[in-house]
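What follows is a short report on a single structure.
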Amino acid sequence: MDLPSLLLCILLEVLAVSCQQLMQQGRIVGGYTPAPHSIKYIVSIQKTMGQHFCGGSLVNKYWVLTAAHCNMGVNEMVIVAGDFSLSRYEGTEQFFIPHLLIPHPQYNSITNNNDIMLIKLRAPVYLNSYVTTVPLPRQGASLAEGRVCRVSGWGFTSSSGGQIPSSLQTVKLPIVSTEKCNGTDSFNGNITANMLCAGYSAGGKDACRGDSGGPLVCEGRVYGLVSWGKGCADARYPGVYTAVSKFRSWIDNTIFSYYSRCTKN
């Protein structure tokens with residue numbers, strides 16, 4: 001093989017690996033860019049050097065809801081509300097240091113069960129035309145198969161490690177029944193009662209790892225948190241989300257317990 005042909009083969013191989021890594025690290029697949037600041041409850045959870053790695057939802061001026069597997073340690077996080085484009089400063093952003101991380105005590109990193117975490121901020125978020133909270137579903141509330149919801153998040157546009165920030169992305173997805181998601185041709189029994197699935201039978205639209213912890217909003221309430229999956233936008237494997245309605249009591253009790261301790265002290 002001559003040198004030009006060899007270089008071309010190497011280039012194609014590098015591009016193939018990069019594309020595969022991009023799908024794994026990912027961003028919203030098959031979605032679109034919403035109107036700027038139209039999704040006001042979402043936050044970007046970033047490493048202290050400003051690198052986005054997870055999403056979250058504002059459920060209270062002091063509290064963010066996200067996935068437990070986004071736990072990087074309280075000293076490694078910065079929470080950004082009011083953002084839209086991660087590539088530039090827009091003047092609408094609010095930056096917060098977390099005071100406390102409370103992952104669910106039964107979170108299992110192997111099975112991904114109970115993949116939910118509360119983040120207590122050191123200072124309250126200022127609610128305005130760019131930043132709002134999102135309501136939670138009632139305890140045990142269910143969603144019918146086919147109900148269309150919306151998941152949003154920021155993703156990586158480069159797999160080289162130094163990602164290029166992009167604008168917020170969103171995509172609408174129908175709920176998939178647990179029975180179907182747990183089928184032998186899909187997740188084969190690995191979907192627990194604390195999870196829900198969403199996606200199209202034809203695939204092509206999904207959330208990916210870069211969107212972890214981000215909100216799946218149905219009927220105006222955050223019913224799901226981006227948790228795990230197999231690949232991205234695969235027809236056989238819908239996205240798997242933490243079912244927030246299974247944890248409403250835990251969320252309320254955790255927040256109430258924190259404020260009760262503070263009052264007594």
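Please note that chains go A, B, ... in the order of the structure tokens, that every chain numbers its residues from 1, and that ligands are numbered from 1 in the order shown.
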
Surrounding residues of Ala198 (chain A) excluding itself and chain neighbours under 2 positions, 10 Å, only C-alpha atoms, as an MDAnalysis selection string: chainID A and resid 145:151 172:178 181 196 200:201 205:207 216 224 237:241

May I have the residues from that selection written out with N, CA, C and O atoms, as an mmCIF file, in the first residue's frame?
data_model
loop_
_atom_site.group_PDB
_atom_site.id
_atom_site.type_symbol
_atom_site.label_atom_id
_atom_site.label_comp_id
_atom_site.auth_asym_id
_atom_site.auth_seq_id
_atom_site.Cartn_x
_atom_site.Cartn_y
_atom_site.Cartn_z
ATOM 1 N N GLU A 145 -48.503 4.197 28.319
ATOM 2 C CA GLU A 145 -47.650 3.913 27.178
ATOM 3 C C GLU A 145 -48.042 4.815 26.014
ATOM 4 O O GLU A 145 -49.230 5.013 25.737
ATOM 5 N N GLY A 146 -47.048 5.383 25.357
ATOM 6 C CA GLY A 146 -47.309 6.261 24.230
ATOM 7 C C GLY A 146 -47.406 7.734 24.591
ATOM 8 O O GLY A 146 -47.390 8.588 23.696
ATOM 9 N N ARG A 147 -47.505 8.035 25.881
ATOM 10 C CA ARG A 147 -47.527 9.442 26.311
ATOM 11 C C ARG A 147 -46.242 10.120 25.859
ATOM 12 O O ARG A 147 -45.152 9.619 26.103
ATOM 13 N N VAL A 148 -46.370 11.253 25.189
ATOM 14 C CA VAL A 148 -45.196 11.932 24.646
ATOM 15 C C VAL A 148 -44.616 12.890 25.685
ATOM 16 O O VAL A 148 -45.336 13.725 26.241
ATOM 17 N N CYS A 149 -43.320 12.749 25.939
ATOM 18 C CA CYS A 149 -42.605 13.585 26.891
ATOM 19 C C CYS A 149 -41.425 14.246 26.181
ATOM 20 O O CYS A 149 -41.140 13.950 25.023
ATOM 21 N N ARG A 150 -40.735 15.095 26.894
ATOM 22 C CA ARG A 150 -39.599 15.796 26.292
ATOM 23 C C ARG A 150 -38.384 15.723 27.201
ATOM 24 O O ARG A 150 -38.463 16.025 28.389
ATOM 25 N N VAL A 151 -37.260 15.294 26.621
ATOM 26 C CA VAL A 151 -36.005 15.259 27.360
ATOM 27 C C VAL A 151 -35.066 16.296 26.758
ATOM 28 O O VAL A 151 -35.050 16.506 25.542
ATOM 29 N N LYS A 172 -38.615 15.042 21.664
ATOM 30 C CA LYS A 172 -39.851 14.474 22.199
ATOM 31 C C LYS A 172 -39.842 12.964 21.979
ATOM 32 O O LYS A 172 -39.509 12.487 20.894
ATOM 33 N N LEU A 173 -40.221 12.230 23.036
ATOM 34 C CA LEU A 173 -40.179 10.774 23.012
ATOM 35 C C LEU A 173 -41.435 10.191 23.651
ATOM 36 O O LEU A 173 -41.917 10.718 24.662
ATOM 37 N N PRO A 174 -41.954 9.099 23.118
ATOM 38 C CA PRO A 174 -43.094 8.433 23.757
ATOM 39 C C PRO A 174 -42.648 7.458 24.838
ATOM 40 O O PRO A 174 -41.583 6.849 24.746
ATOM 41 N N ILE A 175 -43.471 7.313 25.867
ATOM 42 C CA ILE A 175 -43.207 6.344 26.919
ATOM 43 C C ILE A 175 -43.370 4.923 26.366
ATOM 44 O O ILE A 175 -44.305 4.631 25.616
ATOM 45 N N VAL A 176 -42.441 4.059 26.734
ATOM 46 C CA VAL A 176 -42.481 2.650 26.358
ATOM 47 C C VAL A 176 -42.843 1.842 27.608
ATOM 48 O O VAL A 176 -42.311 2.109 28.694
ATOM 49 N N SER A 177 -43.730 0.872 27.483
ATOM 50 C CA SER A 177 -44.153 0.092 28.640
ATOM 51 C C SER A 177 -42.967 -0.677 29.232
ATOM 52 O O SER A 177 -42.044 -1.086 28.517
ATOM 53 N N THR A 178 -43.018 -0.873 30.546
ATOM 54 C CA THR A 178 -41.966 -1.636 31.216
ATOM 55 C C THR A 178 -41.909 -3.059 30.670
ATOM 56 O O THR A 178 -40.826 -3.635 30.521
ATOM 57 N N CYS A 181 -40.048 -2.916 27.424
ATOM 58 C CA CYS A 181 -38.653 -2.547 27.654
ATOM 59 C C CYS A 181 -37.887 -3.697 28.304
ATOM 60 O O CYS A 181 -36.682 -3.834 28.121
ATOM 61 N N LEU A 196 -38.231 3.983 34.145
ATOM 62 C CA LEU A 196 -39.181 4.027 33.044
ATOM 63 C C LEU A 196 -38.402 4.188 31.748
ATOM 64 O O LEU A 196 -37.250 4.635 31.744
ATOM 65 N N TYR A 200 -38.594 5.568 20.477
ATOM 66 C CA TYR A 200 -39.370 5.125 19.323
ATOM 67 C C TYR A 200 -38.960 3.713 18.912
ATOM 68 O O TYR A 200 -37.787 3.346 19.014
ATOM 69 N N SER A 201 -39.933 2.945 18.443
ATOM 70 C CA SER A 201 -39.643 1.579 18.010
ATOM 71 C C SER A 201 -38.686 1.563 16.830
ATOM 72 O O SER A 201 -37.970 0.593 16.612
ATOM 73 N N LYS A 205 -34.067 8.589 17.908
ATOM 74 C CA LYS A 205 -34.187 9.729 18.808
ATOM 75 C C LYS A 205 -33.995 9.245 20.229
ATOM 76 O O LYS A 205 -34.589 8.252 20.647
ATOM 77 N N ASP A 206 -33.148 9.960 20.978
ATOM 78 C CA ASP A 206 -32.785 9.457 22.307
ATOM 79 C C ASP A 206 -31.956 10.501 23.035
ATOM 80 O O ASP A 206 -31.530 11.502 22.461
ATOM 81 N N ALA A 207 -31.731 10.238 24.322
ATOM 82 C CA ALA A 207 -30.729 10.974 25.096
ATOM 83 C C ALA A 207 -29.500 10.089 25.189
ATOM 84 O O ALA A 207 -29.582 8.875 25.005
ATOM 85 N N LEU A 216 -36.710 14.437 31.990
ATOM 86 C CA LEU A 216 -37.735 13.983 31.060
ATOM 87 C C LEU A 216 -39.044 14.544 31.594
ATOM 88 O O LEU A 216 -39.511 14.123 32.659
ATOM 89 N N GLY A 224 -38.948 11.893 34.743
ATOM 90 C CA GLY A 224 -37.792 11.029 34.571
ATOM 91 C C GLY A 224 -36.479 11.789 34.609
ATOM 92 O O GLY A 224 -36.432 12.991 34.340
ATOM 93 N N TYR A 237 -33.398 -0.710 22.002
ATOM 94 C CA TYR A 237 -33.146 -0.284 23.374
ATOM 95 C C TYR A 237 -33.568 1.173 23.594
ATOM 96 O O TYR A 237 -32.824 2.095 23.272
ATOM 97 N N PRO A 238 -34.760 1.396 24.149
ATOM 98 C CA PRO A 238 -35.170 2.764 24.484
ATOM 99 C C PRO A 238 -34.260 3.341 25.568
ATOM 100 O O PRO A 238 -33.532 2.611 26.241
ATOM 101 N N GLY A 239 -34.315 4.639 25.754
ATOM 102 C CA GLY A 239 -33.586 5.250 26.851
ATOM 103 C C GLY A 239 -34.230 4.878 28.178
ATOM 104 O O GLY A 239 -35.453 4.733 28.269
ATOM 105 N N VAL A 240 -33.408 4.704 29.206
ATOM 106 C CA VAL A 240 -33.911 4.335 30.530
ATOM 107 C C VAL A 240 -33.746 5.524 31.474
ATOM 108 O O VAL A 240 -32.672 6.130 31.545
ATOM 109 N N TYR A 241 -34.810 5.818 32.206
ATOM 110 C CA TYR A 241 -34.867 6.988 33.074
ATOM 111 C C TYR A 241 -35.229 6.568 34.496
ATOM 112 O O TYR A 241 -35.982 5.603 34.703
#

Would you mind listing, for every residue of region 111-187 of chain A within 12 Å of region 248-265 of chain A, the two atoms forming the shortest contact and the distance between them in Å to one decimal, using only C-alpha atoms, sorted by chain and ascending residue number, as a tab-separated table?
residue	atom	partner	partner_atom	distance
A:Asn114	CA	A:Trp250	CA	10.9
A:Ile116	CA	A:Ile251	CA	9.5
A:Met117	CA	A:Ile251	CA	8.9
A:Leu118	CA	A:Ile251	CA	7.6
A:Ile119	CA	A:Ile255	CA	10.0
A:Lys120	CA	A:Ile255	CA	8.8
A:Leu121	CA	A:Ile255	CA	11.9
A:Pro135	CA	A:Arg248	CA	10.8
A:Leu136	CA	A:Arg248	CA	7.3
A:Pro137	CA	A:Arg248	CA	7.1
A:Arg138	CA	A:Arg248	CA	6.3
A:Gln139	CA	A:Arg248	CA	5.0
A:Gly140	CA	A:Arg248	CA	7.9
A:Ala141	CA	A:Arg248	CA	9.5

Please report, as a PyMOL selection string, each residue of region 79-225 of chain A to which DSSP assigns strand (DSSP E) when run on this structure's backbone. chain A and resi 79-81+94-96+98-103+117-121+148-153+169-176+195-198+215-218+221-225

So which residues touch Asn128 (chain A) within 10 Å, counting only C-alpha atoms, skipping near sequence neighbours fewer than 6 positions away, as a ChimeraX atom specification? /A:40,82,92

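Each of A:Arg221, A:His69, A:Arg236, A:Lys61 was checked against Gly203 (chain A) using only C-alpha atoms; the smallest atom-to-atom distance is that of A:Arg236.
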
Give the alpha helix (DSSP H) residues of region 8-239 of chain A, as assigned by DSSP on the backbone, as a short mmCIF file (atom, residue, chain, number, x, y, z; two decimals) with all heavy atoms, in the first residue's frame.
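Here's the written file states_31.cif:
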data_model
loop_
_atom_site.label_atom_id
_atom_site.label_comp_id
_atom_site.auth_asym_id
_atom_site.auth_seq_id
_atom_site.Cartn_x
_atom_site.Cartn_y
_atom_site.Cartn_z
N LEU A 8 -4.83 7.64 4.23
CA LEU A 8 -6.28 7.72 4.10
C LEU A 8 -6.95 6.67 4.98
O LEU A 8 -7.95 6.96 5.65
CB LEU A 8 -6.69 7.52 2.63
CG LEU A 8 -8.20 7.52 2.35
CD1 LEU A 8 -8.81 8.85 2.78
CD2 LEU A 8 -8.47 7.26 0.87
N CYS A 9 -6.40 5.46 5.02
CA CYS A 9 -6.96 4.40 5.85
C CYS A 9 -6.90 4.76 7.33
O CYS A 9 -7.84 4.55 8.09
CB CYS A 9 -6.21 3.08 5.60
SG CYS A 9 -6.59 2.33 4.01
N ILE A 10 -5.75 5.34 7.72
CA ILE A 10 -5.60 5.74 9.12
C ILE A 10 -6.61 6.82 9.48
O ILE A 10 -7.25 6.79 10.53
CB ILE A 10 -4.16 6.24 9.38
CG1 ILE A 10 -3.17 5.08 9.24
CG2 ILE A 10 -4.06 6.87 10.78
CD1 ILE A 10 -1.71 5.50 9.31
N LEU A 11 -6.80 7.79 8.59
CA LEU A 11 -7.75 8.87 8.83
C LEU A 11 -9.17 8.32 8.97
O LEU A 11 -9.92 8.71 9.87
CB LEU A 11 -7.68 9.89 7.69
CG LEU A 11 -8.70 11.04 7.76
CD1 LEU A 11 -8.50 11.84 9.04
CD2 LEU A 11 -8.56 11.95 6.54
N LEU A 12 -9.56 7.41 8.09
CA LEU A 12 -10.90 6.83 8.15
C LEU A 12 -11.12 6.06 9.45
O LEU A 12 -12.19 6.10 10.04
CB LEU A 12 -11.14 5.92 6.94
CG LEU A 12 -11.26 6.63 5.58
CD1 LEU A 12 -11.35 5.60 4.45
CD2 LEU A 12 -12.48 7.54 5.56
N GLU A 13 -10.08 5.35 9.89
CA GLU A 13 -10.18 4.59 11.14
C GLU A 13 -10.35 5.52 12.33
O GLU A 13 -11.16 5.30 13.23
CB GLU A 13 -8.95 3.72 11.32
CG GLU A 13 -9.03 2.83 12.57
CD GLU A 13 -7.83 1.91 12.70
OE1 GLU A 13 -7.03 1.85 11.74
OE2 GLU A 13 -7.71 1.26 13.74
N VAL A 14 -9.58 6.61 12.36
CA VAL A 14 -9.69 7.59 13.44
C VAL A 14 -11.08 8.20 13.47
O VAL A 14 -11.70 8.37 14.53
CB VAL A 14 -8.61 8.69 13.29
CG1 VAL A 14 -8.89 9.83 14.27
CG2 VAL A 14 -7.23 8.11 13.54
N LEU A 15 -11.60 8.55 12.29
CA LEU A 15 -12.94 9.14 12.22
C LEU A 15 -13.99 8.16 12.70
O LEU A 15 -14.96 8.54 13.38
CB LEU A 15 -13.24 9.58 10.78
CG LEU A 15 -12.49 10.82 10.29
CD1 LEU A 15 -12.77 11.05 8.81
CD2 LEU A 15 -12.87 12.04 11.11
N ALA A 16 -13.85 6.89 12.36
CA ALA A 16 -14.81 5.88 12.78
C ALA A 16 -14.83 5.74 14.30
O ALA A 16 -15.88 5.66 14.93
CB ALA A 16 -14.49 4.54 12.14
N VAL A 17 -13.64 5.70 14.91
CA VAL A 17 -13.53 5.60 16.37
C VAL A 17 -14.14 6.84 17.02
O VAL A 17 -14.86 6.75 18.00
CB VAL A 17 -12.06 5.42 16.80
CG1 VAL A 17 -11.94 5.53 18.31
CG2 VAL A 17 -11.55 4.06 16.31
N SER A 18 -13.83 8.02 16.45
CA SER A 18 -14.36 9.26 17.03
C SER A 18 -15.87 9.29 16.97
O SER A 18 -16.53 9.71 17.92
CB SER A 18 -13.79 10.47 16.26
OG SER A 18 -12.39 10.55 16.42
N CYS A 19 -16.46 8.83 15.86
CA CYS A 19 -17.91 8.82 15.73
C CYS A 19 -18.53 7.86 16.75
O CYS A 19 -19.56 8.16 17.34
CB CYS A 19 -18.32 8.41 14.32
SG CYS A 19 -18.00 9.70 13.09
N GLN A 20 -17.89 6.70 16.94
CA GLN A 20 -18.40 5.74 17.90
C GLN A 20 -18.34 6.31 19.31
O GLN A 20 -19.28 6.19 20.08
CB GLN A 20 -17.59 4.45 17.83
CG GLN A 20 -18.11 3.36 18.76
CD GLN A 20 -17.27 2.11 18.67
OE1 GLN A 20 -16.13 2.13 18.23
NE2 GLN A 20 -17.85 1.00 19.09
N GLN A 21 -17.23 6.97 19.66
CA GLN A 21 -17.10 7.56 20.99
C GLN A 21 -18.11 8.67 21.18
O GLN A 21 -18.68 8.84 22.27
CB GLN A 21 -15.69 8.09 21.19
CG GLN A 21 -14.64 6.98 21.30
CD GLN A 21 -13.25 7.54 21.39
OE1 GLN A 21 -12.99 8.68 21.01
NE2 GLN A 21 -12.32 6.73 21.89
N LEU A 22 -18.38 9.44 20.14
CA LEU A 22 -19.34 10.53 20.23
C LEU A 22 -20.72 9.99 20.55
O LEU A 22 -21.46 10.54 21.36
CB LEU A 22 -19.37 11.32 18.92
CG LEU A 22 -20.35 12.51 18.85
CD1 LEU A 22 -20.03 13.51 19.94
CD2 LEU A 22 -20.30 13.15 17.49
N MET A 23 -21.11 8.88 19.91
CA MET A 23 -22.40 8.29 20.18
C MET A 23 -22.49 7.79 21.62
O MET A 23 -23.53 7.85 22.25
CB MET A 23 -22.65 7.13 19.21
CG MET A 23 -22.99 7.58 17.79
SD MET A 23 -24.52 8.53 17.73
CE MET A 23 -25.71 7.25 18.09
N GLN A 24 -21.37 7.30 22.16
CA GLN A 24 -21.39 6.77 23.51
C GLN A 24 -21.44 7.89 24.54
O GLN A 24 -22.18 7.82 25.51
CB GLN A 24 -20.14 5.90 23.74
CG GLN A 24 -20.16 4.60 22.94
CD GLN A 24 -18.85 3.85 23.03
OE1 GLN A 24 -17.83 4.41 23.45
NE2 GLN A 24 -18.85 2.61 22.63
N GLN A 25 -20.64 8.95 24.33
CA GLN A 25 -20.61 10.04 25.29
C GLN A 25 -21.84 10.91 25.15
O GLN A 25 -22.44 11.30 26.13
CB GLN A 25 -19.35 10.89 25.09
CG GLN A 25 -18.08 10.16 25.44
CD GLN A 25 -16.88 11.04 25.23
OE1 GLN A 25 -16.90 11.94 24.38
NE2 GLN A 25 -15.82 10.79 25.96
N THR A 178 -43.02 -0.87 30.55
CA THR A 178 -41.97 -1.64 31.22
C THR A 178 -41.91 -3.06 30.67
O THR A 178 -40.83 -3.64 30.52
CB THR A 178 -42.21 -1.66 32.73
OG1 THR A 178 -42.19 -0.32 33.23
CG2 THR A 178 -41.15 -2.47 33.46
N GLU A 179 -43.07 -3.63 30.37
CA GLU A 179 -43.12 -4.99 29.83
C GLU A 179 -42.35 -5.09 28.52
O GLU A 179 -41.55 -6.02 28.32
CB GLU A 179 -44.58 -5.42 29.62
CG GLU A 179 -45.38 -5.62 30.89
CD GLU A 179 -45.76 -4.31 31.58
OE1 GLU A 179 -45.76 -3.25 30.90
OE2 GLU A 179 -46.04 -4.35 32.79
N LYS A 180 -42.57 -4.13 27.64
CA LYS A 180 -41.86 -4.14 26.35
C LYS A 180 -40.38 -3.87 26.54
O LYS A 180 -39.52 -4.52 25.93
CB LYS A 180 -42.47 -3.10 25.42
CG LYS A 180 -41.84 -3.08 24.03
CD LYS A 180 -42.55 -2.09 23.12
CE LYS A 180 -41.92 -2.08 21.73
NZ LYS A 180 -42.60 -1.11 20.82
N CYS A 181 -40.05 -2.92 27.42
CA CYS A 181 -38.65 -2.55 27.65
C CYS A 181 -37.89 -3.70 28.30
O CYS A 181 -36.68 -3.83 28.12
CB CYS A 181 -38.61 -1.30 28.54
SG CYS A 181 -37.10 -0.33 28.41
#

Can you measure CA of Ile191 (chain A) to CA of Ile102 (chain A) for me? One decimal in Å is fine. 23.3 Å

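Compared by their closest atoms to Ala144 (chain A), and using only C-alpha atoms, the residues A:Cys218, A:Asn108, A:Asn71, A:Glu93 rank with A:Cys218 nearest.
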
Skipping near chain neighbours, those fewer than 3 positions away, what residues fall within 10 Å of Leu58 (chain A) using only C-alpha atoms, listed as a PDB file with C-alpha atoms, in the first residue's frame?
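The result, stored in around.pdb:
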ATOM      1  CA  LYS A  40     -35.929  27.403  32.177  1.00  0.00           C
ATOM      2  CA  TYR A  41     -35.767  24.668  34.803  1.00  0.00           C
ATOM      3  CA  ILE A  42     -32.730  22.850  33.453  1.00  0.00           C
ATOM      4  CA  VAL A  43     -29.256  23.357  34.889  1.00  0.00           C
ATOM      5  CA  LYS A  61     -34.695  27.647  44.848  1.00  0.00           C
ATOM      6  CA  TYR A  62     -32.134  25.725  46.905  1.00  0.00           C
ATOM      7  CA  TRP A  63     -32.419  22.219  45.427  1.00  0.00           C
ATOM      8  CA  VAL A  64     -31.429  20.497  42.187  1.00  0.00           C
ATOM      9  CA  LEU A  65     -32.585  17.030  41.179  1.00  0.00           C
ATOM     10  CA  THR A  66     -30.231  14.858  39.136  1.00  0.00           C
ATOM     11  CA  ALA A  81     -28.778  27.936  35.890  1.00  0.00           C
ATOM     12  CA  LEU A 118     -30.534  15.856  45.458  1.00  0.00           C
ATOM     13  CA  ILE A 119     -28.089  18.759  45.430  1.00  0.00           C
ATOM     14  CA  VAL A 125     -31.375  30.650  42.792  1.00  0.00           C
ATOM     15  CA  VAL A 131     -34.774  30.557  35.486  1.00  0.00           C
ATOM     16  CA  THR A 132     -37.750  28.722  37.006  1.00  0.00           C
ATOM     17  CA  THR A 133     -38.426  25.567  38.998  1.00  0.00           C
ATOM     18  CA  VAL A 134     -40.228  22.506  37.627  1.00  0.00           C
ATOM     19  CA  PRO A 135     -43.039  20.656  39.441  1.00  0.00           C
ATOM     20  CA  PRO A 215     -35.128  16.001  32.926  1.00  0.00           C
ATOM     21  CA  VAL A 222     -40.309  16.045  35.656  1.00  0.00           C
TER      22      VAL A 222
END

Separation of CA of Trp154 (chain A) from CA of Ile110 (chain A), in Å and rounded to one decimal: 25.0 Å

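Comparing the minimum interatomic distances between Asn112 (chain A) and each of A:Cys208, A:Ile45, A:Met72, A:Met195, counting only C-alpha atoms, we find that A:Met195 sits nearest.
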